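Undergrad: Got a structure for you, questions after.
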Amino acid sequence: MSKTFSVIIPNYNQAPYLVEALGSLLRQSRVPDEILVVDDGSTDNSLEVIRRFALQDRRVRYIVFPENRGVAEACTQGLESISGELVYHSAADDPVKDKFVEESARLLEKHPQAGFAQEGISRIG
């Protein structure tokens, strides 16, 4: 049985890029079980974009910091708030390639001693 796959996306004022990044995750051959966007006090229309995705797909959730706390705290909060066995730390301005989730999960399940998989890596050694 496949392990659950979670994505954490820290975001600060990246609204123009969120549509492509979230869209690329939701178009995967294996869609992540959960996508958590941690908004780090954005002052642009990021929350509007994130909420639109969350309304369209139950796998998209979000946490909002009222003020900017920094990417480290956003990532830490994300890790404390997800349930997946496999985790991908994404970026709000980085769409992923087709089959990224499927291939990463396959590699990590095949090599349980590995700590992470990275886009563009075709094997773990």
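The chains in the structure tokens are called A, B, ... from first to last as shown; in each chain the residues are counted from 1, and the ligands are counted from 1 in the order shown.
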Could you name the residues that touch segment 94-108 of chain A at 6 Å or less, counting only C-alpha atoms, but leaving out those on the same chain fewer than 3 positions away, as a list of chain:residue names?

TA: A:Glu20, A:Ala21, A:Ser24, A:Gln28, A:Ser29, A:Arg30, A:Ala91, A:His111, A:Pro112, A:Ala117

Undergrad: Need to verify the contact set: Leu18 of chain A, 9 Å, only C-alpha atoms, exclusion of same-chain residues closer than 3 positions in sequence. Can you return it as a list in words?

TA: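 The neighbour list is Asn11, Gln14, Ala15, Ala21, Leu22, Gly23, Ser46, Val49, Ile50, Ala91, Ala92, Asp93, Asp94 and Pro95 of chain A.
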
Undergrad: Could you please write out, as a PyMOL selection string, every residue of chain A that DSSP assigns to alpha helix (DSSP H)?

TA: chain A and resi 15-26+46-56+71-81+100-110

Undergrad: From the list A:Arg51, A:Asp40, A:Tyr88, A:Asp33, which residue is nearest Val19 of chain A when using only C-alpha atoms?

TA: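 With only C-alpha atoms as the atom set, the closest residue is A:Arg51.
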
Undergrad: Smallest atom-to-atom distance to Ser81 of chain A: which of A:Leu47, A:Val37, A:Leu55, A:Leu26, using only C-alpha atoms?

TA: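 Closest to Ser81 of chain A of all the choices is A:Val37.
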
Undergrad: Separation of atom CA of Arg27 of chain A and atom CA of Glu48 of chain A, in Å?

TA: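 If I compute the distance from atom CA of Arg27 of chain A to atom CA of Glu48 of chain A, I get 20.4 Å.
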
Undergrad: Write out as a list in words all residues of chain A that DSSP puts in strand (DSSP E) for this structure's backbone.

TA: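 These are the residues in question: Phe5, Ser6, Val7, Ile8, Ile9, Pro10, Asn11, Glu34, Ile35, Leu36, Val37, Val38, Asp39, Asp40, Val60, Arg61, Tyr62, Ile63, Val64, Phe65, Leu86, Val87, Tyr88 and His89 of chain A.
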
Undergrad: Which residues are near Thr4 of chain A? Cut-off 7 Å, only C-alpha atoms, ignore same chain within fewer than 5 positions. Put them as a ChimeraX atom specification.

TA: /A:33,84-86

Undergrad: Deliver the residues from the most recent selection as a file, using all heavy atoms, as a short mmCIF file (atom, residue, chain, number, x, y, z; two decimals), in the first residue's frame.

TA:
```cif
data_model
loop_
_atom_site.label_atom_id
_atom_site.label_comp_id
_atom_site.auth_asym_id
_atom_site.auth_seq_id
_atom_site.Cartn_x
_atom_site.Cartn_y
_atom_site.Cartn_z
N ASP A 33 -1.76 13.58 -1.04
CA ASP A 33 -2.90 13.37 -0.14
C ASP A 33 -3.29 14.66 0.56
O ASP A 33 -4.46 14.85 0.90
CB ASP A 33 -2.56 12.29 0.89
CG ASP A 33 -2.27 10.97 0.20
OD1 ASP A 33 -3.24 10.36 -0.30
OD2 ASP A 33 -1.09 10.58 0.12
N GLY A 84 1.07 13.30 6.56
CA GLY A 84 1.69 12.38 5.60
C GLY A 84 2.91 11.67 6.13
O GLY A 84 3.64 12.19 6.96
N GLU A 85 3.12 10.48 5.58
CA GLU A 85 4.32 9.71 5.91
C GLU A 85 5.51 10.16 5.07
O GLU A 85 6.65 10.05 5.50
CB GLU A 85 4.04 8.23 5.67
CG GLU A 85 2.93 7.68 6.54
CD GLU A 85 2.43 6.35 6.05
OE1 GLU A 85 1.63 6.32 5.08
OE2 GLU A 85 2.85 5.32 6.62
N LEU A 86 5.23 10.64 3.86
CA LEU A 86 6.24 11.20 2.97
C LEU A 86 5.94 12.69 2.84
O LEU A 86 4.78 13.07 2.69
CB LEU A 86 6.19 10.53 1.60
CG LEU A 86 6.34 9.01 1.59
CD1 LEU A 86 6.13 8.47 0.17
CD2 LEU A 86 7.69 8.58 2.13
#
```

Undergrad: At a cut-off of 8 Å, using only C-alpha atoms, what residues contact Cys75 of chain A? Leave out same-chain residues fewer than 5 positions from it and give the result as a list in words.

TA: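 What passes the distance filter is Ile8, Ile9, Pro10, Val38 and His89 of chain A.
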
Undergrad: Could you check how far atom CA of Gly78 of chain A sits from atom CA of Asp57 of chain A, in Å to one decimal?

TA: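 Taking atom CA of Gly78 of chain A as the start and atom CA of Asp57 of chain A as the end point, the length is 18.5 Å.
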
Undergrad: Do you have the atom CA of Ala114 of chain A-atom CA of Phe5 of chain A distance handy?

TA: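 Atom-to-atom, atom CA of Ala114 of chain A to atom CA of Phe5 of chain A, that is 15.1 Å.
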
Undergrad: Can you pull out every residue within 7 Å of Val7 of chain A, counting only C-alpha atoms, but drop anything in the same chain fewer than 4 positions away, and send it as a list in words?

TA: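 With the cut-off at 7 Å, the set is Pro32, Glu34, Ile35, Leu36, Val87, Tyr88, His89 and Ser90 of chain A.
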